[in-house]
file input18.txt (compact mmCIF, N, CA and C atoms)
# COMPACT_ATOMS: atom_id res chain seq x y z
N VAL A 1 23.92 -4.03 5.54
CA VAL A 1 22.57 -3.57 5.29
C VAL A 1 22.54 -2.80 3.96
N GLN A 2 21.48 -3.04 3.20
CA GLN A 2 21.29 -2.31 1.93
C GLN A 2 20.06 -1.43 2.04
N LEU A 3 20.17 -0.24 1.50
CA LEU A 3 19.09 0.74 1.57
C LEU A 3 18.78 1.22 0.16
N GLN A 4 17.50 1.26 -0.17
CA GLN A 4 17.08 1.71 -1.49
C GLN A 4 16.00 2.77 -1.33
N ALA A 5 16.36 4.00 -1.66
CA ALA A 5 15.41 5.11 -1.55
C ALA A 5 14.69 5.33 -2.87
N SER A 6 13.44 5.74 -2.77
CA SER A 6 12.65 6.05 -3.96
C SER A 6 11.56 7.03 -3.60
N GLY A 7 10.89 7.54 -4.63
CA GLY A 7 9.75 8.42 -4.40
C GLY A 7 9.97 9.88 -4.71
N GLY A 8 11.20 10.24 -5.06
CA GLY A 8 11.46 11.64 -5.38
C GLY A 8 10.75 12.07 -6.65
N GLY A 9 10.72 13.38 -6.86
CA GLY A 9 10.07 13.90 -8.06
C GLY A 9 9.98 15.40 -8.03
N LEU A 10 9.23 15.92 -8.98
CA LEU A 10 9.02 17.36 -9.11
C LEU A 10 7.61 17.70 -8.67
N VAL A 11 7.49 18.60 -7.70
CA VAL A 11 6.19 19.05 -7.22
C VAL A 11 6.20 20.57 -7.08
N GLN A 12 5.03 21.14 -6.91
CA GLN A 12 4.93 22.57 -6.68
C GLN A 12 4.89 22.85 -5.19
N ALA A 13 5.25 24.05 -4.83
CA ALA A 13 5.23 24.47 -3.43
C ALA A 13 3.83 24.24 -2.85
N GLY A 14 3.80 23.71 -1.63
CA GLY A 14 2.54 23.42 -0.97
C GLY A 14 2.05 22.00 -1.16
N GLU A 15 2.62 21.31 -2.12
CA GLU A 15 2.20 19.93 -2.38
C GLU A 15 2.94 18.94 -1.48
N SER A 16 2.58 17.66 -1.64
CA SER A 16 3.15 16.61 -0.80
C SER A 16 3.86 15.57 -1.63
N LEU A 17 4.74 14.84 -0.96
CA LEU A 17 5.48 13.76 -1.59
C LEU A 17 5.83 12.76 -0.50
N ARG A 18 5.88 11.49 -0.85
CA ARG A 18 6.28 10.47 0.12
C ARG A 18 7.48 9.70 -0.40
N LEU A 19 8.54 9.72 0.38
CA LEU A 19 9.73 8.95 0.05
C LEU A 19 9.69 7.61 0.77
N SER A 20 10.27 6.61 0.13
CA SER A 20 10.34 5.28 0.72
C SER A 20 11.80 4.83 0.79
N CYS A 21 12.10 4.06 1.83
CA CYS A 21 13.44 3.48 1.98
C CYS A 21 13.27 2.01 2.29
N LEU A 22 13.59 1.17 1.33
CA LEU A 22 13.49 -0.28 1.50
C LEU A 22 14.80 -0.78 2.11
N VAL A 23 14.68 -1.49 3.21
CA VAL A 23 15.85 -1.97 3.95
C VAL A 23 15.98 -3.48 3.79
N SER A 24 17.18 -3.94 3.48
CA SER A 24 17.42 -5.38 3.36
C SER A 24 18.79 -5.71 3.91
N GLY A 25 19.00 -7.00 4.18
CA GLY A 25 20.30 -7.45 4.61
C GLY A 25 20.58 -7.28 6.08
N HIS A 26 19.56 -6.92 6.87
CA HIS A 26 19.77 -6.74 8.30
C HIS A 26 18.43 -6.91 9.00
N ASN A 27 18.49 -7.27 10.27
CA ASN A 27 17.26 -7.36 11.05
C ASN A 27 16.63 -5.97 11.18
N PHE A 28 15.48 -5.81 10.54
CA PHE A 28 14.82 -4.50 10.50
C PHE A 28 14.49 -3.99 11.88
N TYR A 29 14.34 -4.90 12.84
CA TYR A 29 13.93 -4.51 14.18
C TYR A 29 15.11 -4.05 15.03
N LYS A 30 16.33 -4.14 14.53
CA LYS A 30 17.49 -3.84 15.34
C LYS A 30 18.25 -2.60 14.91
N ILE A 31 17.72 -1.85 13.97
CA ILE A 31 18.44 -0.68 13.48
C ILE A 31 17.53 0.53 13.43
N ALA A 32 18.16 1.68 13.54
CA ALA A 32 17.46 2.95 13.37
C ALA A 32 17.67 3.42 11.93
N ILE A 33 16.66 4.07 11.40
CA ILE A 33 16.72 4.57 10.02
C ILE A 33 16.48 6.06 10.02
N GLY A 34 17.22 6.77 9.21
CA GLY A 34 17.04 8.21 9.13
C GLY A 34 17.14 8.72 7.71
N TRP A 35 16.76 9.97 7.55
CA TRP A 35 16.86 10.66 6.27
C TRP A 35 17.74 11.89 6.41
N PHE A 36 18.58 12.08 5.42
CA PHE A 36 19.38 13.29 5.29
C PHE A 36 19.08 13.89 3.92
N ARG A 37 19.50 15.12 3.75
CA ARG A 37 19.37 15.72 2.43
C ARG A 37 20.56 16.61 2.15
N ARG A 38 20.81 16.79 0.86
CA ARG A 38 21.89 17.69 0.44
C ARG A 38 21.33 18.61 -0.62
N GLU A 39 21.27 19.89 -0.28
CA GLU A 39 20.83 20.90 -1.23
C GLU A 39 22.01 21.29 -2.12
N PRO A 40 21.74 21.74 -3.32
CA PRO A 40 22.83 22.13 -4.21
C PRO A 40 23.76 23.15 -3.57
N GLY A 41 25.04 22.85 -3.56
CA GLY A 41 26.01 23.79 -3.03
C GLY A 41 26.12 23.83 -1.51
N LYS A 42 25.41 22.94 -0.85
CA LYS A 42 25.43 22.95 0.62
C LYS A 42 25.86 21.59 1.16
N GLU A 43 26.14 21.56 2.46
CA GLU A 43 26.52 20.32 3.09
C GLU A 43 25.28 19.47 3.39
N ARG A 44 25.50 18.19 3.52
CA ARG A 44 24.41 17.28 3.87
C ARG A 44 23.88 17.63 5.26
N GLU A 45 22.57 17.51 5.45
CA GLU A 45 21.98 17.83 6.74
C GLU A 45 20.95 16.79 7.15
N PHE A 46 20.80 16.64 8.45
CA PHE A 46 19.84 15.69 9.01
C PHE A 46 18.41 16.19 8.78
N VAL A 47 17.51 15.25 8.49
CA VAL A 47 16.09 15.58 8.29
C VAL A 47 15.22 14.92 9.37
N ALA A 48 15.29 13.60 9.47
CA ALA A 48 14.44 12.88 10.41
C ALA A 48 15.02 11.49 10.65
N ALA A 49 14.65 10.90 11.79
CA ALA A 49 15.10 9.54 12.09
C ALA A 49 14.07 8.86 12.98
N VAL A 50 14.04 7.53 12.90
CA VAL A 50 13.12 6.73 13.70
C VAL A 50 13.89 5.56 14.30
N GLY A 51 13.60 5.26 15.56
CA GLY A 51 14.26 4.17 16.24
C GLY A 51 13.73 2.82 15.81
N TRP A 52 14.38 1.76 16.29
CA TRP A 52 14.04 0.42 15.84
C TRP A 52 12.61 0.04 16.19
N SER A 53 12.08 0.54 17.29
CA SER A 53 10.73 0.19 17.68
C SER A 53 9.68 1.05 16.99
N GLY A 54 10.12 2.18 16.44
CA GLY A 54 9.17 3.10 15.84
C GLY A 54 8.60 4.11 16.81
N ALA A 55 8.89 3.94 18.09
CA ALA A 55 8.31 4.81 19.11
C ALA A 55 9.02 6.17 19.18
N LEU A 56 10.32 6.19 18.98
CA LEU A 56 11.10 7.42 19.07
C LEU A 56 11.39 7.97 17.68
N ARG A 57 11.11 9.26 17.52
CA ARG A 57 11.34 9.91 16.23
C ARG A 57 11.97 11.27 16.48
N TYR A 58 12.91 11.63 15.65
CA TYR A 58 13.56 12.93 15.74
C TYR A 58 13.41 13.65 14.41
N TYR A 59 13.28 14.98 14.51
CA TYR A 59 13.13 15.79 13.31
C TYR A 59 14.03 17.02 13.39
N ALA A 60 14.49 17.46 12.25
CA ALA A 60 15.16 18.74 12.18
C ALA A 60 14.11 19.83 12.39
N ASP A 61 14.53 20.94 12.98
CA ASP A 61 13.58 22.02 13.24
C ASP A 61 12.94 22.52 11.95
N SER A 62 13.66 22.47 10.88
CA SER A 62 13.17 23.01 9.61
C SER A 62 12.02 22.21 9.01
N VAL A 63 11.83 20.97 9.48
CA VAL A 63 10.77 20.14 8.90
C VAL A 63 9.71 19.74 9.91
N LYS A 64 9.89 20.10 11.17
CA LYS A 64 8.90 19.74 12.19
C LYS A 64 7.54 20.28 11.83
N GLY A 65 6.53 19.42 12.00
CA GLY A 65 5.17 19.83 11.69
C GLY A 65 4.80 19.65 10.23
N ARG A 66 5.79 19.41 9.37
CA ARG A 66 5.51 19.22 7.94
C ARG A 66 5.87 17.81 7.47
N PHE A 67 6.93 17.26 8.01
CA PHE A 67 7.39 15.94 7.62
C PHE A 67 7.09 14.92 8.72
N THR A 68 6.80 13.69 8.31
CA THR A 68 6.56 12.61 9.26
C THR A 68 7.32 11.37 8.81
N ILE A 69 8.09 10.81 9.73
CA ILE A 69 8.81 9.58 9.43
C ILE A 69 8.07 8.42 10.09
N SER A 70 7.96 7.32 9.37
CA SER A 70 7.27 6.16 9.90
C SER A 70 7.90 4.90 9.32
N LYS A 71 7.56 3.76 9.93
CA LYS A 71 8.11 2.52 9.42
C LYS A 71 7.05 1.45 9.36
N ASP A 72 7.14 0.62 8.34
CA ASP A 72 6.26 -0.52 8.17
C ASP A 72 7.13 -1.76 8.22
N ALA A 73 7.13 -2.42 9.38
CA ALA A 73 8.02 -3.56 9.57
C ALA A 73 7.61 -4.76 8.71
N THR A 74 6.35 -4.81 8.28
CA THR A 74 5.90 -5.95 7.48
C THR A 74 6.56 -5.99 6.11
N ILE A 75 7.00 -4.83 5.64
CA ILE A 75 7.65 -4.77 4.32
C ILE A 75 9.01 -4.11 4.40
N ASN A 76 9.58 -4.03 5.61
CA ASN A 76 10.94 -3.50 5.82
C ASN A 76 11.14 -2.15 5.14
N THR A 77 10.19 -1.28 5.33
CA THR A 77 10.25 0.02 4.66
C THR A 77 10.03 1.16 5.64
N VAL A 78 10.80 2.20 5.46
CA VAL A 78 10.64 3.44 6.22
C VAL A 78 10.18 4.52 5.25
N TYR A 79 9.21 5.30 5.68
CA TYR A 79 8.65 6.36 4.85
C TYR A 79 8.99 7.74 5.41
N LEU A 80 9.07 8.69 4.50
CA LEU A 80 9.16 10.10 4.89
C LEU A 80 8.05 10.83 4.15
N GLN A 81 6.98 11.11 4.88
CA GLN A 81 5.87 11.86 4.31
C GLN A 81 6.19 13.34 4.41
N MET A 82 6.22 14.01 3.28
CA MET A 82 6.59 15.42 3.25
C MET A 82 5.40 16.24 2.76
N ASN A 83 4.87 17.05 3.64
CA ASN A 83 3.73 17.91 3.32
C ASN A 83 4.16 19.38 3.30
N SER A 84 3.32 20.19 2.70
CA SER A 84 3.58 21.64 2.63
C SER A 84 5.01 21.91 2.17
N LEU A 85 5.38 21.28 1.09
CA LEU A 85 6.76 21.41 0.61
C LEU A 85 7.06 22.83 0.16
N ARG A 86 8.31 23.22 0.37
CA ARG A 86 8.79 24.55 0.03
C ARG A 86 9.94 24.45 -0.96
N PRO A 87 10.20 25.49 -1.71
CA PRO A 87 11.35 25.44 -2.63
C PRO A 87 12.66 25.11 -1.92
N GLU A 88 12.80 25.55 -0.68
CA GLU A 88 14.04 25.26 0.06
C GLU A 88 14.17 23.81 0.50
N ASP A 89 13.13 23.01 0.27
CA ASP A 89 13.22 21.58 0.53
C ASP A 89 13.85 20.84 -0.65
N THR A 90 14.09 21.55 -1.74
CA THR A 90 14.71 20.93 -2.91
C THR A 90 16.09 20.40 -2.55
N ALA A 91 16.29 19.10 -2.79
CA ALA A 91 17.56 18.47 -2.41
C ALA A 91 17.55 17.02 -2.88
N VAL A 92 18.71 16.41 -2.79
CA VAL A 92 18.79 14.95 -2.93
C VAL A 92 18.62 14.38 -1.53
N TYR A 93 17.68 13.49 -1.37
CA TYR A 93 17.38 12.89 -0.08
C TYR A 93 17.98 11.49 -0.01
N TYR A 94 18.64 11.21 1.12
CA TYR A 94 19.31 9.93 1.33
C TYR A 94 18.75 9.26 2.58
N CYS A 95 18.50 7.96 2.51
CA CYS A 95 18.18 7.25 3.74
C CYS A 95 19.46 6.58 4.24
N ALA A 96 19.51 6.41 5.54
CA ALA A 96 20.70 5.89 6.19
C ALA A 96 20.29 5.00 7.36
N ALA A 97 21.19 4.12 7.74
CA ALA A 97 20.92 3.19 8.84
C ALA A 97 22.05 3.22 9.86
N ASP A 98 21.68 3.01 11.11
CA ASP A 98 22.68 2.91 12.16
C ASP A 98 22.15 2.03 13.27
N HIS A 99 23.07 1.42 14.02
CA HIS A 99 22.64 0.54 15.10
C HIS A 99 22.12 1.32 16.29
N GLU A 100 22.36 2.65 16.32
CA GLU A 100 21.87 3.48 17.42
C GLU A 100 21.15 4.71 16.89
N LEU A 101 19.98 4.99 17.45
CA LEU A 101 19.22 6.18 17.05
C LEU A 101 19.98 7.45 17.39
N LYS A 102 20.72 7.43 18.49
CA LYS A 102 21.38 8.65 18.94
C LYS A 102 22.44 9.12 17.95
N THR A 103 22.91 8.22 17.10
CA THR A 103 23.89 8.63 16.10
C THR A 103 23.33 9.72 15.21
N PHE A 104 22.06 9.65 14.90
CA PHE A 104 21.45 10.66 14.04
C PHE A 104 21.37 12.01 14.73
N ARG A 105 21.35 12.03 16.04
CA ARG A 105 21.32 13.29 16.77
C ARG A 105 22.72 13.86 16.95
N THR A 106 23.71 13.01 17.06
CA THR A 106 25.07 13.46 17.32
C THR A 106 25.88 13.65 16.05
N SER A 107 25.33 13.27 14.91
CA SER A 107 26.02 13.41 13.63
C SER A 107 25.13 14.20 12.67
N PRO A 108 25.08 15.51 12.83
CA PRO A 108 24.15 16.33 12.04
C PRO A 108 24.36 16.24 10.54
N GLN A 109 25.53 15.80 10.12
CA GLN A 109 25.78 15.61 8.70
C GLN A 109 25.93 14.14 8.35
N GLY A 110 25.61 13.29 9.29
CA GLY A 110 25.65 11.86 9.05
C GLY A 110 27.02 11.25 9.05
N GLU A 111 27.98 11.92 9.63
CA GLU A 111 29.37 11.45 9.55
C GLU A 111 29.60 10.15 10.31
N GLY A 112 28.72 9.84 11.29
CA GLY A 112 28.92 8.63 12.07
C GLY A 112 27.99 7.48 11.71
N VAL A 113 27.18 7.67 10.69
CA VAL A 113 26.17 6.68 10.32
C VAL A 113 26.81 5.44 9.68
N ASP A 114 26.22 4.27 9.96
CA ASP A 114 26.79 3.01 9.50
C ASP A 114 26.66 2.79 8.00
N ALA A 115 25.49 3.07 7.44
CA ALA A 115 25.25 2.71 6.05
C ALA A 115 24.37 3.73 5.35
N TRP A 116 24.57 3.84 4.03
CA TRP A 116 23.84 4.81 3.22
C TRP A 116 23.22 4.14 2.00
N GLY A 117 22.10 4.71 1.58
CA GLY A 117 21.53 4.32 0.31
C GLY A 117 21.81 5.41 -0.71
N LYS A 118 21.51 5.12 -1.97
CA LYS A 118 21.63 6.15 -2.99
C LYS A 118 20.49 7.14 -2.82
N GLY A 119 20.71 8.35 -3.25
CA GLY A 119 19.73 9.40 -3.04
C GLY A 119 18.60 9.41 -4.05
N THR A 120 17.56 10.15 -3.70
CA THR A 120 16.45 10.39 -4.60
C THR A 120 16.19 11.89 -4.62
N LEU A 121 16.03 12.44 -5.82
CA LEU A 121 15.95 13.89 -5.97
C LEU A 121 14.53 14.39 -5.76
N VAL A 122 14.41 15.40 -4.93
CA VAL A 122 13.14 16.10 -4.71
C VAL A 122 13.31 17.53 -5.19
N THR A 123 12.44 17.95 -6.09
CA THR A 123 12.49 19.32 -6.59
C THR A 123 11.15 19.97 -6.35
N VAL A 124 11.18 21.11 -5.65
CA VAL A 124 9.96 21.84 -5.34
C VAL A 124 10.01 23.18 -6.06
N SER A 125 9.08 23.39 -6.96
CA SER A 125 9.04 24.63 -7.72
C SER A 125 8.14 25.65 -7.03
N SER A 126 8.47 26.91 -7.20
CA SER A 126 7.69 27.97 -6.55
C SER A 126 6.54 28.43 -7.42

call {"tool": "encode", "arguments": {"input": "input18.txt", "output": "structure tokens"}}
result
Amino acid sequence: VQLQASGGGLVQAGESLRLSCLVSGHNFYKIAIGWFRREPGKEREFVAAVGWSGALRYYADSVKGRFTISKDATINTVYLQMNSLRPEDTAVYYCAADHELKTFRTSPQGEGVDAWGKGTLVTVSS
């Protein structure tokens, strides 16, 4: 499976940004997709994940109520809508794929995830 993340950029605190993850090389309906991020000087951390059907979604406590993960199966793309952004959301964001949604819950740093895409940088200024 190949993953291509895009949509990062520079925004001010309180603004919104939408990241996209284009998935190819695998049946889009059979894999779970998630987002992780790595802040400067810190370890990678889980952000959000969505199951193959789109019905089950998990979020890190730090982004609940502000971020929404969704998928558009018609174009094999998973989105991460980020609202009310804060300076502490500044990080490189990575999308990842796994055959099981539970992997994203049991691997808080993504250590058990099957595949990774290259990151996209999000910078939130205060």

call {"tool": "residues_around", "arguments": {"input": "input18.txt", "residues": "range 6-14 of chain A", "least_positions_apart": "5", "cutoff": "7 Å", "atoms": "all atoms listed in the file", "output": "PyMOL selection string"}}
result
chain A and resi 19-22+83-87+119-126

call {"tool": "select_by_dssp", "arguments": {"input": "input18.txt", "residues": "chain A", "states": "alpha helix (DSSP H)", "output": "mmCIF file with N, CA and C atoms, in the coordinates of the input"}}
result
data_model
loop_
_atom_site.group_PDB
_atom_site.id
_atom_site.type_symbol
_atom_site.label_atom_id
_atom_site.label_comp_id
_atom_site.auth_asym_id
_atom_site.auth_seq_id
_atom_site.Cartn_x
_atom_site.Cartn_y
_atom_site.Cartn_z
ATOM 1 N N LYS A 102 20.720 7.430 18.490
ATOM 2 C CA LYS A 102 21.380 8.650 18.940
ATOM 3 C C LYS A 102 22.440 9.120 17.950
ATOM 4 N N THR A 103 22.910 8.220 17.100
ATOM 5 C CA THR A 103 23.890 8.630 16.100
ATOM 6 C C THR A 103 23.330 9.720 15.210
ATOM 7 N N PHE A 104 22.060 9.650 14.900
ATOM 8 C CA PHE A 104 21.450 10.660 14.040
ATOM 9 C C PHE A 104 21.370 12.010 14.730
ATOM 10 N N ARG A 105 21.350 12.030 16.040
ATOM 11 C CA ARG A 105 21.320 13.290 16.770
ATOM 12 C C ARG A 105 22.720 13.860 16.950
ATOM 13 N N THR A 106 23.710 13.010 17.060
ATOM 14 C CA THR A 106 25.070 13.460 17.320
ATOM 15 C C THR A 106 25.880 13.650 16.050
#

call {"tool": "atom_distance", "arguments": {"input": "input18.txt", "atom1": "CA of Asn76 in chain A", "atom2": "atom C of Trp116 in chain A"}}
result
15.0 Å

call {"tool": "closest_residue", "arguments": {"input": "input18.txt", "among": "A:Ile33, A:Tyr79, A:Tyr58, A:Gly117", "to": "His99 in chain A", "atoms": "all atoms listed in the file"}}
result
A:Ile33

call {"tool": "atom_distance", "arguments": {"input": "input18.txt", "atom1": "atom C of Glu15 in chain A", "atom2": "atom N of Gln109 in chain A"}}
result
25.6 Å

call {"tool": "residues_around", "arguments": {"input": "input18.txt", "residues": "Ala49 in chain A", "least_positions_apart": "6", "cutoff": "7 Å", "atoms": "only C-alpha atoms", "output": "PDB file with N, CA and C atoms, keeping the file's coordinate frame"}}
result
ATOM      1  N   ILE A  33      16.660   4.070  11.400  1.00  0.00           N
ATOM      2  CA  ILE A  33      16.720   4.570  10.020  1.00  0.00           C
ATOM      3  C   ILE A  33      16.480   6.060  10.020  1.00  0.00           C
ATOM      4  N   GLY A  34      17.220   6.770   9.210  1.00  0.00           N
ATOM      5  CA  GLY A  34      17.040   8.210   9.130  1.00  0.00           C
ATOM      6  C   GLY A  34      17.140   8.720   7.710  1.00  0.00           C
ATOM      7  N   TRP A  35      16.760   9.970   7.550  1.00  0.00           N
ATOM      8  CA  TRP A  35      16.860  10.660   6.270  1.00  0.00           C
ATOM      9  C   TRP A  35      17.740  11.890   6.410  1.00  0.00           C
ATOM     10  N   ARG A  57      11.110   9.260  17.520  1.00  0.00           N
ATOM     11  CA  ARG A  57      11.340   9.910  16.230  1.00  0.00           C
ATOM     12  C   ARG A  57      11.970  11.270  16.480  1.00  0.00           C
ATOM     13  N   TYR A  58      12.910  11.630  15.650  1.00  0.00           N
ATOM     14  CA  TYR A  58      13.560  12.930  15.740  1.00  0.00           C
ATOM     15  C   TYR A  58      13.410  13.650  14.410  1.00  0.00           C
ATOM     16  N   TYR A  59      13.280  14.980  14.510  1.00  0.00           N
ATOM     17  CA  TYR A  59      13.130  15.790  13.310  1.00  0.00           C
ATOM     18  C   TYR A  59      14.030  17.020  13.390  1.00  0.00           C
ATOM     19  N   ILE A  69       8.090  10.810   9.730  1.00  0.00           N
ATOM     20  CA  ILE A  69       8.810   9.580   9.430  1.00  0.00           C
ATOM     21  C   ILE A  69       8.070   8.420  10.090  1.00  0.00           C
ATOM     22  N   PHE A 104      22.060   9.650  14.900  1.00  0.00           N
ATOM     23  CA  PHE A 104      21.450  10.660  14.040  1.00  0.00           C
ATOM     24  C   PHE A 104      21.370  12.010  14.730  1.00  0.00           C
TER      25      PHE A 104
END

call {"tool": "closest_residue", "arguments": {"input": "input18.txt", "among": "A:Ala5, A:Thr90, A:Glu100, A:Gly54", "to": "Arg38 in chain A", "atoms": "only N, CA and C atoms"}}
result
A:Thr90

call {"tool": "atom_distance", "arguments": {"input": "input18.txt", "atom1": "CA of Met82 in chain A", "atom2": "CA of Trp52 in chain A"}}
result
21.0 Å

call {"tool": "residues_near_point", "arguments": {"input": "input18.txt", "point": "(21.5, 8.6, 6.6)", "cutoff": "10 Å", "atoms": "only C-alpha atoms", "output": "count of residues only"}}
result
34

call {"tool": "residues_near_point", "arguments": {"input": "input18.txt", "point": "(9.9, -6.1, 4.5)", "cutoff": "8 Å", "atoms": "all atoms listed in the file", "output": "PyMOL selection string"}}
result
chain A and resi 22-24+28+72-77

call {"tool": "write_last_selection", "arguments": {"input": "input18.txt", "atoms": "N, CA and C atoms", "output": "PDB file, in the coordinates of the input"}}
result
ATOM      1  N   LEU A  22      13.590   1.170   1.330  1.00  0.00           N
ATOM      2  CA  LEU A  22      13.490  -0.280   1.500  1.00  0.00           C
ATOM      3  C   LEU A  22      14.800  -0.780   2.110  1.00  0.00           C
ATOM      4  N   VAL A  23      14.680  -1.490   3.210  1.00  0.00           N
ATOM      5  CA  VAL A  23      15.850  -1.970   3.950  1.00  0.00           C
ATOM      6  C   VAL A  23      15.980  -3.480   3.790  1.00  0.00           C
ATOM      7  N   SER A  24      17.180  -3.940   3.480  1.00  0.00           N
ATOM      8  CA  SER A  24      17.420  -5.380   3.360  1.00  0.00           C
ATOM      9  C   SER A  24      18.790  -5.710   3.910  1.00  0.00           C
ATOM     10  N   PHE A  28      15.480  -5.810  10.540  1.00  0.00           N
ATOM     11  CA  PHE A  28      14.820  -4.500  10.500  1.00  0.00           C
ATOM     12  C   PHE A  28      14.490  -3.990  11.880  1.00  0.00           C
ATOM     13  N   ASP A  72       7.140   0.620   8.340  1.00  0.00           N
ATOM     14  CA  ASP A  72       6.260  -0.520   8.170  1.00  0.00           C
ATOM     15  C   ASP A  72       7.130  -1.760   8.220  1.00  0.00           C
ATOM     16  N   ALA A  73       7.130  -2.420   9.380  1.00  0.00           N
ATOM     17  CA  ALA A  73       8.020  -3.560   9.570  1.00  0.00           C
ATOM     18  C   ALA A  73       7.610  -4.760   8.710  1.00  0.00           C
ATOM     19  N   THR A  74       6.350  -4.810   8.280  1.00  0.00           N
ATOM     20  CA  THR A  74       5.900  -5.950   7.480  1.00  0.00           C
ATOM     21  C   THR A  74       6.560  -5.990   6.110  1.00  0.00           C
ATOM     22  N   ILE A  75       7.000  -4.830   5.640  1.00  0.00           N
ATOM     23  CA  ILE A  75       7.650  -4.770   4.320  1.00  0.00           C
ATOM     24  C   ILE A  75       9.010  -4.110   4.400  1.00  0.00           C
ATOM     25  N   ASN A  76       9.580  -4.030   5.610  1.00  0.00           N
ATOM     26  CA  ASN A  76      10.940  -3.500   5.820  1.00  0.00           C
ATOM     27  C   ASN A  76      11.140  -2.150   5.140  1.00  0.00           C
ATOM     28  N   THR A  77      10.190  -1.280   5.330  1.00  0.00           N
ATOM     29  CA  THR A  77      10.250   0.020   4.660  1.00  0.00           C
ATOM     30  C   THR A  77      10.030   1.160   5.640  1.00  0.00           C
TER      31      THR A  77
END

call {"tool": "select_by_dssp", "arguments": {"input": "input18.txt", "residues": "chain A", "states": "strand (DSSP E or B)", "output": "MDAnalysis selection string"}}
result
chainID A and resid 2:6 9:12 17:24 32:38 45:50 57:59 67:72 77:82 91:98 115:116 118 120:125

call {"tool": "decode", "arguments": {"input": "input18.txt", "residues": "range 84-95 of chain A", "atoms": "N, CA, C and O atoms", "output": "compact mmCIF listing (two decimals), in the first residue's frame"}}
result
# COMPACT_ATOMS: atom_id res chain seq x y z
N SER A 84 -9.83 24.86 15.07
CA SER A 84 -9.36 25.48 16.31
C SER A 84 -7.92 25.08 16.61
O SER A 84 -7.58 24.65 17.72
N LEU A 85 -7.08 25.23 15.61
CA LEU A 85 -5.69 24.80 15.76
C LEU A 85 -4.96 25.62 16.81
O LEU A 85 -5.24 26.82 17.01
N ARG A 86 -4.05 24.95 17.49
CA ARG A 86 -3.25 25.56 18.56
C ARG A 86 -1.77 25.47 18.21
O ARG A 86 -1.38 24.57 17.45
N PRO A 87 -0.95 26.32 18.78
CA PRO A 87 0.49 26.21 18.52
C PRO A 87 1.05 24.83 18.85
O PRO A 87 1.96 24.34 18.16
N GLU A 88 0.49 24.18 19.85
CA GLU A 88 0.98 22.84 20.22
C GLU A 88 0.59 21.75 19.23
O GLU A 88 1.03 20.61 19.36
N ASP A 89 -0.22 22.10 18.23
CA ASP A 89 -0.53 21.16 17.16
C ASP A 89 0.55 21.17 16.08
O ASP A 89 0.50 20.36 15.14
N THR A 90 1.50 22.08 16.19
CA THR A 90 2.58 22.16 15.22
C THR A 90 3.37 20.85 15.22
O THR A 90 3.84 20.40 16.27
N ALA A 91 3.47 20.23 14.05
CA ALA A 91 4.14 18.93 13.95
C ALA A 91 4.18 18.51 12.48
O ALA A 91 3.53 19.10 11.63
N VAL A 92 4.95 17.46 12.24
CA VAL A 92 4.86 16.77 10.95
C VAL A 92 3.80 15.69 11.12
O VAL A 92 3.88 14.88 12.05
N TYR A 93 2.82 15.69 10.25
CA TYR A 93 1.72 14.74 10.31
C TYR A 93 1.93 13.64 9.28
O TYR A 93 2.23 13.92 8.10
N TYR A 94 1.74 12.40 9.72
CA TYR A 94 1.93 11.23 8.88
C TYR A 94 0.64 10.42 8.81
O TYR A 94 -0.02 10.21 9.82
N CYS A 95 0.28 9.95 7.62
CA CYS A 95 -0.81 9.00 7.56
C CYS A 95 -0.22 7.60 7.48
O CYS A 95 0.90 7.40 7.01
